[in-house]
file data_21.cif (mmCIF, C-alpha atoms and all ligand atoms)
data_target
#
loop_
_atom_site.label_atom_id
_atom_site.label_comp_id
_atom_site.auth_asym_id
_atom_site.auth_seq_id
_atom_site.Cartn_x
_atom_site.Cartn_y
_atom_site.Cartn_z
CA MET A 11 13.05 -0.96 19.20
CA ARG A 12 15.52 -1.16 21.98
CA ILE A 13 15.00 -3.63 24.74
CA ARG A 14 15.15 -1.16 27.58
CA ASN A 15 16.08 -2.53 30.96
CA GLY A 16 14.42 -5.68 29.73
CA ILE A 17 14.81 -7.85 32.81
CA CYS A 18 13.87 -5.17 35.37
CA ILE A 19 10.77 -4.20 33.43
CA LEU A 20 9.73 -7.79 33.02
CA LEU A 21 10.10 -8.43 36.74
CA ALA A 22 8.18 -5.30 37.65
CA VAL A 23 5.41 -6.21 35.23
CA PHE A 24 5.19 -9.67 36.69
CA LEU A 25 4.93 -8.37 40.24
CA LEU A 26 2.50 -5.56 39.48
CA ALA A 27 0.16 -7.39 37.21
CA GLY A 28 0.34 -10.91 38.43
CA CYS A 29 -0.08 -13.61 35.86
CA GLY A 30 -3.21 -15.18 34.50
CA SER A 31 -3.77 -18.90 34.79
CA ASP A 32 -1.92 -19.44 31.52
CA GLY A 33 1.06 -17.51 32.85
CA THR A 34 0.41 -14.34 30.84
CA ASP A 35 -1.38 -11.13 31.56
CA THR A 36 -1.79 -9.09 28.43
CA LYS A 37 -2.94 -5.91 30.21
CA GLU A 38 0.45 -5.03 31.61
CA LYS A 39 2.66 -6.22 28.80
CA LYS A 40 5.60 -3.86 28.39
CA ASP A 41 7.88 -5.64 25.91
CA ILE A 42 6.30 -6.24 22.55
CA LYS A 43 7.95 -8.19 19.79
CA ILE A 44 6.49 -7.68 16.33
CA GLY A 45 7.43 -9.73 13.27
CA VAL A 46 6.94 -8.04 9.90
CA SER A 47 7.28 -9.73 6.52
CA VAL A 48 6.90 -7.83 3.26
CA TYR A 49 6.40 -9.26 -0.22
CA ASN A 50 9.24 -7.14 -1.64
CA GLN A 51 11.20 -4.61 0.34
CA TYR A 52 12.31 -2.83 -2.84
CA ASP A 53 8.74 -1.86 -3.79
CA THR A 54 8.74 1.93 -3.35
CA PHE A 55 5.38 2.14 -1.58
CA VAL A 56 6.14 -0.79 0.72
CA SER A 57 9.57 0.60 1.59
CA GLU A 58 8.03 3.95 2.54
CA LEU A 59 5.54 2.08 4.70
CA LEU A 60 8.41 0.18 6.37
CA ASP A 61 10.27 3.43 7.07
CA GLU A 62 7.21 4.70 8.90
CA ILE A 63 6.83 1.45 10.85
CA ARG A 64 10.41 1.86 12.07
CA SER A 65 10.04 5.48 13.07
CA TYR A 66 6.56 5.18 14.58
CA ALA A 67 7.75 2.26 16.73
CA ASP A 68 10.02 4.78 18.47
CA VAL A 69 7.08 7.14 18.98
CA MET A 70 5.00 4.31 20.45
CA GLU A 71 7.77 3.39 22.90
CA GLU A 72 7.60 6.89 24.35
CA LYS A 73 3.83 7.17 24.12
CA TYR A 74 3.04 3.93 25.97
CA GLU A 75 6.28 3.56 27.93
CA ILE A 76 6.93 0.18 26.40
CA SER A 77 9.72 -1.42 24.48
CA ILE A 78 9.10 -2.61 20.93
CA THR A 79 11.31 -5.08 19.11
CA LEU A 80 10.76 -5.24 15.36
CA GLU A 81 11.87 -8.22 13.26
CA ILE A 82 11.50 -7.13 9.64
CA LEU A 83 11.99 -9.71 6.88
CA ASN A 84 11.80 -9.57 3.09
CA ALA A 85 9.94 -12.45 1.43
CA SER A 86 11.52 -11.60 -1.96
CA ALA A 87 8.30 -12.32 -3.84
CA ASN A 88 8.24 -15.96 -2.70
CA GLN A 89 5.24 -17.28 -0.75
CA VAL A 90 7.13 -20.36 0.47
CA THR A 91 9.84 -18.11 1.89
CA GLN A 92 7.17 -16.04 3.62
CA ASN A 93 5.55 -19.15 5.10
CA ASP A 94 8.97 -20.10 6.53
CA GLN A 95 9.36 -16.60 7.92
CA MET A 96 6.15 -17.19 9.86
CA ASP A 97 7.86 -20.21 11.50
CA TYR A 98 10.82 -18.00 12.34
CA PHE A 99 8.52 -15.44 13.99
CA ILE A 100 6.88 -18.22 16.02
CA GLU A 101 10.22 -19.71 17.08
CA ASN A 102 11.40 -16.25 18.08
CA GLU A 103 8.31 -15.71 20.22
CA CYS A 104 6.85 -12.71 18.46
CA ASP A 105 3.71 -11.47 20.19
CA ILE A 106 2.07 -10.55 16.90
CA VAL A 107 3.03 -10.55 13.22
CA CYS A 108 2.26 -8.17 10.36
CA ILE A 109 2.16 -9.83 6.95
CA ASN A 110 2.26 -8.21 3.52
CA LEU A 111 1.30 -11.36 1.62
CA VAL A 112 3.25 -12.37 -1.46
CA ASP A 113 0.19 -14.14 -2.87
CA ARG A 114 -2.95 -12.66 -1.41
CA THR A 115 -4.95 -15.74 -2.42
CA ASP A 116 -2.62 -18.07 -0.55
CA ALA A 117 -2.85 -17.01 3.10
CA SER A 118 -3.88 -20.39 4.52
CA THR A 119 -0.47 -21.71 5.62
CA ILE A 120 0.36 -18.52 7.48
CA ILE A 121 -3.08 -18.44 9.09
CA GLU A 122 -2.84 -22.06 10.22
CA ARG A 123 0.63 -21.56 11.67
CA GLY A 124 -0.43 -18.38 13.50
CA LYS A 125 -3.52 -20.06 14.84
CA SER A 126 -1.71 -23.12 16.20
CA ALA A 127 0.86 -20.92 17.92
CA ASP A 128 -1.85 -18.46 19.05
CA ILE A 129 -0.06 -15.50 17.46
CA PRO A 130 -2.40 -12.85 16.04
CA ILE A 131 -1.80 -11.69 12.47
CA ILE A 132 -2.34 -8.28 10.92
CA PHE A 133 -2.28 -8.49 7.14
CA PHE A 134 -1.62 -5.27 5.26
CA ASN A 135 -1.66 -3.72 1.78
CA ARG A 136 -2.25 -6.99 -0.10
CA GLU A 137 -5.78 -7.86 0.88
CA LEU A 138 -6.63 -11.48 1.51
CA VAL A 139 -10.07 -12.79 0.65
CA GLU A 140 -12.83 -12.21 3.20
CA GLU A 141 -13.29 -15.95 3.90
CA ASP A 142 -9.64 -16.25 4.91
CA LEU A 143 -9.92 -13.30 7.25
CA GLN A 144 -12.93 -14.92 8.90
CA ARG A 145 -11.04 -18.11 9.70
CA TRP A 146 -9.93 -16.92 13.12
CA ASP A 147 -10.87 -14.01 15.39
CA LYS A 148 -7.24 -12.89 15.72
CA LEU A 149 -6.81 -11.99 12.05
CA TYR A 150 -6.93 -8.36 10.90
CA TYR A 151 -6.39 -6.29 7.78
CA VAL A 152 -4.99 -2.77 7.49
CA GLY A 153 -5.12 -1.04 4.12
CA ALA A 154 -7.30 1.14 1.94
CA ASP A 155 -10.33 0.68 -0.27
CA ALA A 156 -9.02 0.20 -3.80
CA PHE A 157 -12.13 1.54 -5.52
CA GLU A 158 -11.70 4.90 -3.79
CA SER A 159 -8.29 5.44 -5.40
CA GLY A 160 -9.66 4.60 -8.84
CA ILE A 161 -12.51 7.08 -8.42
CA ILE A 162 -10.18 9.84 -7.21
CA GLN A 163 -7.75 9.21 -10.07
CA GLY A 164 -10.66 9.62 -12.48
CA GLU A 165 -11.78 12.79 -10.70
CA VAL A 166 -8.33 14.36 -10.96
CA LEU A 167 -8.57 13.94 -14.73
CA ILE A 168 -12.16 15.22 -14.83
CA GLU A 169 -11.15 18.44 -13.05
CA LYS A 170 -8.52 19.03 -15.71
CA LEU A 171 -10.95 18.22 -18.53
CA GLU A 172 -13.54 20.63 -17.17
CA LYS A 173 -11.00 23.44 -17.22
CA ASP A 174 -9.05 22.61 -20.30
CA PHE A 175 -10.42 19.80 -22.47
CA THR A 176 -8.77 20.98 -25.68
CA SER A 177 -5.27 20.89 -24.28
CA VAL A 178 -5.74 17.23 -23.27
CA ASP A 179 -7.53 16.22 -26.47
CA LYS A 180 -4.45 16.91 -28.58
CA ASN A 181 -5.86 15.63 -31.88
CA GLY A 182 -9.15 17.46 -31.36
CA ASP A 183 -11.38 14.44 -32.10
CA GLY A 184 -13.40 14.86 -28.91
CA ILE A 185 -12.27 11.43 -27.68
CA LEU A 186 -9.57 10.72 -25.10
CA GLN A 187 -7.05 8.20 -26.38
CA TYR A 188 -5.50 6.51 -23.36
CA VAL A 189 -3.10 3.81 -22.27
CA MET A 190 -3.28 1.96 -18.95
CA LEU A 191 -0.36 0.60 -16.93
CA GLU A 192 -1.62 -2.07 -14.56
CA GLY A 193 -0.07 -3.45 -11.38
CA GLU A 194 0.35 -7.17 -10.68
CA ALA A 195 -2.30 -9.50 -12.05
CA GLY A 196 -4.61 -10.59 -9.27
CA HIS A 197 -3.75 -7.72 -6.89
CA GLN A 198 -6.95 -6.04 -5.64
CA ASP A 199 -5.49 -2.62 -6.40
CA SER A 200 -4.81 -3.42 -10.06
CA ILE A 201 -8.18 -4.78 -11.04
CA ILE A 202 -10.29 -2.32 -9.10
CA ARG A 203 -8.29 0.86 -9.74
CA THR A 204 -8.33 0.21 -13.48
CA MET A 205 -12.06 -0.30 -13.59
CA TYR A 206 -13.08 2.58 -11.34
CA ALA A 207 -10.75 5.15 -12.90
CA ILE A 208 -12.10 4.53 -16.39
CA ASN A 209 -15.74 4.26 -15.29
CA THR A 210 -15.52 7.50 -13.32
CA VAL A 211 -14.32 9.43 -16.36
CA SER A 212 -16.81 7.87 -18.76
CA ASP A 213 -19.70 8.24 -16.28
CA ALA A 214 -18.92 11.97 -16.25
CA GLY A 215 -19.76 11.99 -19.96
CA TYR A 216 -16.32 11.82 -21.57
CA GLN A 217 -15.57 9.45 -24.41
CA LEU A 218 -12.49 7.33 -23.99
CA GLU A 219 -10.64 5.11 -26.42
CA ARG A 220 -8.32 2.46 -25.01
CA MET A 221 -5.17 2.20 -27.11
CA ALA A 222 -3.39 -0.28 -24.85
CA ASP A 223 -3.64 -1.79 -21.40
CA GLU A 224 -0.80 -3.88 -19.98
CA ILE A 225 0.60 -5.24 -16.77
CA ALA A 226 3.81 -3.63 -15.55
CA ASN A 227 3.80 -5.17 -12.04
CA TRP A 228 4.03 -1.89 -10.07
CA ASN A 229 7.52 -1.49 -11.47
CA ARG A 230 9.16 1.64 -12.89
CA ASP A 231 11.39 -0.16 -15.40
CA GLN A 232 8.52 -2.26 -16.71
CA GLY A 233 6.36 0.88 -16.95
CA LYS A 234 9.10 2.51 -18.99
CA THR A 235 9.44 -0.50 -21.31
CA LYS A 236 5.69 -0.63 -22.02
CA MET A 237 5.47 3.11 -22.59
CA THR A 238 8.48 3.03 -24.94
CA GLN A 239 6.69 0.40 -27.03
CA TRP A 240 3.48 2.46 -27.07
CA ILE A 241 5.29 5.63 -28.10
CA GLU A 242 6.80 3.65 -30.99
CA ALA A 243 3.38 2.23 -31.92
CA PHE A 244 1.13 5.29 -31.43
CA GLY A 245 3.50 8.26 -31.52
CA ASP A 246 1.90 11.46 -30.35
CA GLU A 247 -1.63 9.97 -30.33
CA ILE A 248 -1.56 9.08 -26.62
CA GLU A 249 -3.46 11.74 -24.66
CA VAL A 250 -3.77 10.21 -21.20
CA VAL A 251 -1.61 7.70 -19.31
CA PHE A 252 -3.35 6.04 -16.38
CA ALA A 253 -1.04 4.10 -14.07
CA ASN A 254 -2.22 1.94 -11.16
CA ASN A 255 0.71 3.32 -9.13
CA ASP A 256 3.29 6.09 -9.15
CA ASP A 257 6.31 3.97 -9.98
CA MET A 258 4.79 2.87 -13.28
CA ALA A 259 3.71 6.47 -14.00
CA LEU A 260 7.30 7.57 -13.40
CA GLY A 261 8.44 4.83 -15.77
CA ALA A 262 6.12 6.29 -18.42
CA ILE A 263 7.65 9.72 -17.82
CA ASP A 264 11.16 8.22 -18.20
CA ALA A 265 10.10 6.78 -21.58
CA LEU A 266 8.58 10.08 -22.70
CA LYS A 267 11.75 11.95 -21.72
CA ASP A 268 13.86 9.52 -23.74
CA ALA A 269 11.51 10.13 -26.69
CA GLY A 270 12.09 13.88 -26.46
CA TYR A 271 9.08 15.04 -24.46
CA PHE A 272 9.26 17.53 -21.57
CA GLY A 273 11.75 20.30 -21.02
CA MET A 274 12.18 22.64 -24.00
CA SER A 275 10.59 20.20 -26.44
CA GLU A 276 7.82 21.23 -28.84
CA LEU A 277 6.17 17.85 -28.25
CA LYS A 278 3.21 17.96 -25.91
CA ALA A 279 3.29 15.18 -23.34
CA PRO A 280 0.10 13.32 -22.45
CA ILE A 281 -1.52 13.81 -19.05
CA ILE A 282 -0.01 11.25 -16.69
CA LEU A 283 -1.78 10.05 -13.56
CA GLY A 284 -0.46 7.82 -10.78
CA ILE A 285 -1.53 6.56 -7.36
CA ASP A 286 0.42 6.44 -4.04
CA GLY A 287 1.94 9.88 -3.47
CA THR A 288 5.43 8.46 -2.97
CA LYS A 289 8.30 10.92 -2.50
CA PRO A 290 9.63 10.69 -6.08
CA ALA A 291 6.08 11.07 -7.40
CA LEU A 292 5.46 14.21 -5.34
CA GLU A 293 8.65 15.70 -6.82
CA ALA A 294 7.39 14.84 -10.31
CA VAL A 295 4.06 16.56 -9.55
CA GLU A 296 5.99 19.58 -8.33
CA LYS A 297 7.95 19.67 -11.62
CA GLY A 298 4.73 19.37 -13.59
CA GLU A 299 5.72 16.05 -15.18
CA LEU A 300 3.21 13.92 -13.31
CA TYR A 301 -0.14 15.66 -13.56
CA GLY A 302 -1.60 14.15 -10.42
CA THR A 303 -1.62 11.25 -8.02
CA VAL A 304 -3.71 9.88 -5.18
CA LEU A 305 -2.25 9.63 -1.70
CA ASN A 306 -2.18 6.02 -0.54
CA ASP A 307 -1.56 6.78 3.11
CA SER A 308 1.51 4.67 3.95
CA VAL A 309 2.05 6.71 7.11
CA GLY A 310 -1.51 6.16 8.35
CA GLN A 311 -1.37 2.47 7.46
CA ALA A 312 1.94 1.95 9.28
CA ARG A 313 0.75 3.82 12.35
CA GLY A 314 -2.65 2.14 12.34
CA MET A 315 -0.97 -1.23 12.18
CA LEU A 316 1.32 -0.57 15.14
CA GLU A 317 -1.52 0.92 17.19
CA LEU A 318 -3.64 -2.13 16.42
CA ALA A 319 -0.74 -4.46 17.28
CA TYR A 320 -0.36 -2.72 20.64
CA SER A 321 -4.06 -2.89 21.36
CA VAL A 322 -4.33 -6.58 20.42
CA VAL A 323 -1.26 -7.61 22.41
CA THR A 324 -2.04 -5.60 25.55
CA GLY A 325 -5.82 -5.66 25.47
CA GLU A 326 -5.85 -1.84 25.72
CA GLU A 327 -8.36 0.26 23.74
CA LEU A 328 -7.35 1.05 20.15
CA ASP A 329 -6.11 4.66 19.74
CA SER A 330 -9.13 6.81 18.88
CA GLU A 331 -7.55 7.96 15.55
CA TYR A 332 -8.37 4.52 14.17
CA THR A 333 -11.57 2.56 13.82
CA LEU A 334 -11.66 -1.19 13.74
CA LEU A 335 -14.49 -2.09 11.37
CA ASP A 336 -16.25 -5.42 11.88
CA GLU A 337 -13.57 -6.17 14.49
CA LYS A 338 -11.20 -6.85 11.60
CA TYR A 339 -10.44 -3.93 9.31
CA ILE A 340 -8.69 -0.60 9.55
CA ARG A 341 -9.04 1.29 6.29
CA LEU A 342 -7.31 4.60 5.66
CA PRO A 343 -8.81 7.02 3.15
CA TYR A 344 -7.11 8.05 -0.11
CA GLN A 345 -6.62 11.72 -0.98
CA GLU A 346 -6.19 13.64 -4.19
CA ILE A 347 -2.82 15.24 -4.99
CA SER A 348 -2.37 17.54 -7.96
CA LYS A 349 -0.71 20.87 -8.53
CA LYS A 350 -3.84 22.46 -10.07
C1 LIG B 1 0.57 0.33 -4.17
C2 LIG B 1 1.68 -0.08 -5.08
C3 LIG B 1 2.43 -1.22 -4.48
C4 LIG B 1 1.49 -2.35 -4.13
C5 LIG B 1 2.22 -3.47 -3.44
C6 LIG B 1 -0.32 -0.86 -3.88
O1 LIG B 1 -1.30 -0.50 -2.97
O2 LIG B 1 -0.21 1.33 -4.77
O3 LIG B 1 2.55 0.96 -5.32
O4 LIG B 1 3.39 -1.65 -5.40
O5 LIG B 1 0.46 -1.89 -3.31
O6 LIG B 1 1.36 -4.44 -2.96
#
call {"tool": "encode", "arguments": {"input": "data_21.cif", "output": "structure tokens", "more": "lines below"}}
Ligand code: BGC
result
Amino acid sequence: MRIRNGICILLAVFLLAGCGSDGTDTKEKKDIKIGVSVYNQYDTFVSELLDEIRSYADVMEEKYEISITLEILNASANQVTQNDQMDYFIENECDIVCINLVDRTDASTIIERGKSADIPIIFFNRELVEEDLQRWDKLYYVGADAFESGIIQGEVLIEKLEKDFTSVDKNGDGILQYVMLEGEAGHQDSIIRTMYAINTVSDAGYQLERMADEIANWNRDQGKTKMTQWIEAFGDEIEVVFANNDDMALGAIDALKDAGYFGMSELKAPIILGIDGTKPALEAVEKGELYGTVLNDSVGQARGMLELAYSVVTGEELDSEYTLLDEKYIRLPYQEISKK
């Protein structure tokens, strides 16, 4: 992230490598400028991913003896702002940009701008549609397969049910009464996680009854508000809380605490399940408040993205830790986290 001896290095590179007919030679590039725009820098998962981008950039500088300049911008949930940020990255001569789309169905402006300026784009976390990704050979996606996290979330619950069904089925009716906190409408991780988590549990032979299912936009406060309403409506009847991410699960825990659950209380809290494995969620698992979560590998995604950026810009082989599928995708696996 520091421009180290910028001019000397540039000169040396020029002399050693010589330039191609277009005046560039990617092979020996030593100064890499990467533009990063995120949909919302206050999103817990995204901010953990950004922290890793910043610290892994330092590791990469040592590893490849290069200098990396990061330009990180917050799109504040506005696609027009993000489109303008793409112009800024182009004007500032970024070699490559990493985009966490605000609206994953509206990637066309950014793609067109990148293409006309010949700046490759790595999209991450908010997956654009396949047709958009196919529009140019310098477009990539780094993320995870949403269905996997839904399946693992279901499996975490199944393991508990196999050991201890009666403690989950508080009213003893043999059916699991659940509520679902969903992420943003239209986000691949909301739709798919919801479906796969529920199907995994019911395919294992358990009967489920949906008491409520609402969007809380990945947000802890909104998760808390929804859960407060459900506690008022259903009281102690809720046996399982599925949340599409950890922040909403933590919001549900906040609501339950306000309603007198946890600690010394006689009230038995429902089983609460999240996804992400963020730091606050891991603490809640440790305390036994969050029953389990699914690691959404922000570290692997950040590192994979920087390794891919380096490989695309320099033309070097991609680090062997990562596989580029169909010349477009790096997908990191999810992993179960529970205290057991
Ligand atoms: C994460 C959420 C996050 C969202 C942002 C999801 O993959 O699980 O926590 O809010 O991405 O796009």
call {"tool": "residues_near_ligand", "arguments": {"input": "data_21.cif", "ligand": "ligand LIG 1 (chain B)", "cutoff": "8 Å", "atoms": "only C-alpha atoms and all ligand atoms", "output": "ChimeraX atom specification"}}
result
/A:49,53-56,110,135-136,154,156,193,197,199,227-229,254-257,285-286,306
call {"tool": "residues_near_point", "arguments": {"input": "data_21.cif", "point": "(5.3, -15.1, 15.1)", "cutoff": "12 Å", "atoms": "all atoms listed in the file", "output": "PyMOL selection string"}}
result
chain A and resi 42-47+80-83+92-109+120-132
call {"tool": "write_last_selection", "arguments": {"input": "data_21.cif", "atoms": "C-alpha atoms", "output": "CSV table (one decimal), in the coordinates of the input"}}
result
chain,number,residue,atom,x,y,z
A,42,ILE,CA,6.3,-6.2,22.6
A,43,LYS,CA,8.0,-8.2,19.8
A,44,ILE,CA,6.5,-7.7,16.3
A,45,GLY,CA,7.4,-9.7,13.3
A,46,VAL,CA,6.9,-8.0,9.9
A,47,SER,CA,7.3,-9.7,6.5
A,80,LEU,CA,10.8,-5.2,15.4
A,81,GLU,CA,11.9,-8.2,13.3
A,82,ILE,CA,11.5,-7.1,9.6
A,83,LEU,CA,12.0,-9.7,6.9
A,92,GLN,CA,7.2,-16.0,3.6
A,93,ASN,CA,5.6,-19.2,5.1
A,94,ASP,CA,9.0,-20.1,6.5
A,95,GLN,CA,9.4,-16.6,7.9
A,96,MET,CA,6.2,-17.2,9.9
A,97,ASP,CA,7.9,-20.2,11.5
A,98,TYR,CA,10.8,-18.0,12.3
A,99,PHE,CA,8.5,-15.4,14.0
A,100,ILE,CA,6.9,-18.2,16.0
A,101,GLU,CA,10.2,-19.7,17.1
A,102,ASN,CA,11.4,-16.2,18.1
A,103,GLU,CA,8.3,-15.7,20.2
A,104,CYS,CA,6.8,-12.7,18.5
A,105,ASP,CA,3.7,-11.5,20.2
A,106,ILE,CA,2.1,-10.6,16.9
A,107,VAL,CA,3.0,-10.6,13.2
A,108,CYS,CA,2.3,-8.2,10.4
A,109,ILE,CA,2.2,-9.8,7.0
A,120,ILE,CA,0.4,-18.5,7.5
A,121,ILE,CA,-3.1,-18.4,9.1
A,122,GLU,CA,-2.8,-22.1,10.2
A,123,ARG,CA,0.6,-21.6,11.7
A,124,GLY,CA,-0.4,-18.4,13.5
A,125,LYS,CA,-3.5,-20.1,14.8
A,126,SER,CA,-1.7,-23.1,16.2
A,127,ALA,CA,0.9,-20.9,17.9
A,128,ASP,CA,-1.8,-18.5,19.0
A,129,ILE,CA,-0.1,-15.5,17.5
A,130,PRO,CA,-2.4,-12.8,16.0
A,131,ILE,CA,-1.8,-11.7,12.5
A,132,ILE,CA,-2.3,-8.3,10.9
call {"tool": "closest_residue", "arguments": {"input": "data_21.cif", "among": "A:Val152, A:Ala195, A:Val251, A:Ile208", "to": "Ala222 in chain A", "atoms": "all atoms listed in the file"}}
result
A:Val251
call {"tool": "closest_atom_pairs", "arguments": {"input": "data_21.cif", "of": "range 134-239 of chain A", "to": "range 262-270 of chain A", "cutoff": "7 Å", "atoms": "only C-alpha atoms", "output": "Markdown table"}}
result
| residue | atom | partner | partner_atom | distance |
| --- | --- | --- | --- | --- |
| A:Gly233 | CA | A:Ala262 | CA | 5.6 |
| A:Lys234 | CA | A:Ala262 | CA | 4.8 |
| A:Met237 | CA | A:Ala262 | CA | 5.3 |
| A:Thr238 | CA | A:Ala265 | CA | 5.3 |
call {"tool": "residues_near_point", "arguments": {"input": "data_21.cif", "point": "(-4.5, -6.3, 9.2)", "cutoff": "7 Å", "atoms": "all atoms listed in the file", "output": "ChimeraX atom specification"}}
result
/A:131-134,149-152,315,339
call {"tool": "closest_residue", "arguments": {"input": "data_21.cif", "among": "A:Lys350, A:Tyr332, A:Met274, A:Pro280", "to": "Val295 in chain A", "atoms": "all atoms listed in the file"}}
result
A:Lys350
call {"tool": "atom_distance", "arguments": {"input": "data_21.cif", "atom1": "CA of Arg220 in chain A", "atom2": "CA of Gly184 in chain A"}}
result
14.0 Å
call {"tool": "residues_around", "arguments": {"input": "data_21.cif", "residues": "range 175-181 of chain A", "least_positions_apart": "3", "cutoff": "9 Å", "atoms": "only C-alpha atoms", "output": "PyMOL selection string"}}
result
chain A and resi 170-172+184-187+246-250+278+280-281
call {"tool": "write_last_selection", "arguments": {"input": "data_21.cif", "atoms": "C-alpha atoms", "output": "tab-separated table (two decimals), keeping the file's coordinate frame"}}
result
chain	number	residue	atom	x	y	z
A	170	LYS	CA	-8.52	19.03	-15.71
A	171	LEU	CA	-10.95	18.22	-18.53
A	172	GLU	CA	-13.54	20.63	-17.17
A	184	GLY	CA	-13.40	14.86	-28.91
A	185	ILE	CA	-12.27	11.43	-27.68
A	186	LEU	CA	-9.57	10.72	-25.10
A	187	GLN	CA	-7.05	8.20	-26.38
A	246	ASP	CA	1.90	11.46	-30.35
A	247	GLU	CA	-1.63	9.97	-30.33
A	248	ILE	CA	-1.56	9.08	-26.62
A	249	GLU	CA	-3.46	11.74	-24.66
A	250	VAL	CA	-3.77	10.21	-21.20
A	278	LYS	CA	3.21	17.96	-25.91
A	280	PRO	CA	0.10	13.32	-22.45
A	281	ILE	CA	-1.52	13.81	-19.05
call {"tool": "decode", "arguments": {"input": "data_21.cif", "residues": "range 159-170 of chain A", "atoms": "N, CA, C and O atoms", "output": "PDB file, in the first residue's frame"}}
result
ATOM      1  N   SER A 159     -24.229 -22.785   1.922  1.00  0.00           N
ATOM      2  CA  SER A 159     -24.415 -22.240   3.277  1.00  0.00           C
ATOM      3  C   SER A 159     -25.799 -22.606   3.817  1.00  0.00           C
ATOM      4  O   SER A 159     -25.959 -22.880   5.007  1.00  0.00           O
ATOM      5  N   GLY A 160     -26.797 -22.635   2.930  1.00  0.00           N
ATOM      6  CA  GLY A 160     -28.134 -23.020   3.373  1.00  0.00           C
ATOM      7  C   GLY A 160     -28.145 -24.476   3.837  1.00  0.00           C
ATOM      8  O   GLY A 160     -28.694 -24.811   4.889  1.00  0.00           O
ATOM      9  N   ILE A 161     -27.488 -25.331   3.050  1.00  0.00           N
ATOM     10  CA  ILE A 161     -27.444 -26.760   3.412  1.00  0.00           C
ATOM     11  C   ILE A 161     -26.734 -26.930   4.758  1.00  0.00           C
ATOM     12  O   ILE A 161     -27.222 -27.618   5.656  1.00  0.00           O
ATOM     13  N   ILE A 162     -25.587 -26.256   4.917  1.00  0.00           N
ATOM     14  CA  ILE A 162     -24.835 -26.437   6.172  1.00  0.00           C
ATOM     15  C   ILE A 162     -25.638 -25.890   7.355  1.00  0.00           C
ATOM     16  O   ILE A 162     -25.673 -26.496   8.421  1.00  0.00           O
ATOM     17  N   GLN A 163     -26.323 -24.779   7.157  1.00  0.00           N
ATOM     18  CA  GLN A 163     -27.138 -24.249   8.266  1.00  0.00           C
ATOM     19  C   GLN A 163     -28.189 -25.283   8.676  1.00  0.00           C
ATOM     20  O   GLN A 163     -28.420 -25.538   9.852  1.00  0.00           O
ATOM     21  N   GLY A 164     -28.802 -25.909   7.677  1.00  0.00           N
ATOM     22  CA  GLY A 164     -29.786 -26.964   7.971  1.00  0.00           C
ATOM     23  C   GLY A 164     -29.126 -28.127   8.707  1.00  0.00           C
ATOM     24  O   GLY A 164     -29.678 -28.672   9.670  1.00  0.00           O
ATOM     25  N   GLU A 165     -27.928 -28.493   8.271  1.00  0.00           N
ATOM     26  CA  GLU A 165     -27.244 -29.642   8.895  1.00  0.00           C
ATOM     27  C   GLU A 165     -26.861 -29.380  10.352  1.00  0.00           C
ATOM     28  O   GLU A 165     -26.890 -30.282  11.182  1.00  0.00           O
ATOM     29  N   VAL A 166     -26.509 -28.123  10.636  1.00  0.00           N
ATOM     30  CA  VAL A 166     -26.167 -27.784  12.031  1.00  0.00           C
ATOM     31  C   VAL A 166     -27.396 -28.054  12.918  1.00  0.00           C
ATOM     32  O   VAL A 166     -27.294 -28.639  13.995  1.00  0.00           O
ATOM     33  N   LEU A 167     -28.563 -27.676  12.407  1.00  0.00           N
ATOM     34  CA  LEU A 167     -29.782 -27.925  13.184  1.00  0.00           C
ATOM     35  C   LEU A 167     -30.063 -29.430  13.285  1.00  0.00           C
ATOM     36  O   LEU A 167     -30.396 -29.942  14.359  1.00  0.00           O
ATOM     37  N   ILE A 168     -29.885 -30.142  12.174  1.00  0.00           N
ATOM     38  CA  ILE A 168     -30.165 -31.588  12.181  1.00  0.00           C
ATOM     39  C   ILE A 168     -29.306 -32.309  13.228  1.00  0.00           C
ATOM     40  O   ILE A 168     -29.804 -33.157  13.978  1.00  0.00           O
ATOM     41  N   GLU A 169     -28.031 -31.933  13.302  1.00  0.00           N
ATOM     42  CA  GLU A 169     -27.151 -32.572  14.300  1.00  0.00           C
ATOM     43  C   GLU A 169     -27.715 -32.392  15.706  1.00  0.00           C
ATOM     44  O   GLU A 169     -27.696 -33.299  16.526  1.00  0.00           O
ATOM     45  N   LYS A 170     -28.206 -31.197  15.979  1.00  0.00           N
ATOM     46  CA  LYS A 170     -28.784 -30.918  17.299  1.00  0.00           C
ATOM     47  C   LYS A 170     -30.066 -31.755  17.496  1.00  0.00           C
ATOM     48  O   LYS A 170     -30.281 -32.346  18.556  1.00  0.00           O
TER      49      LYS A 170
END
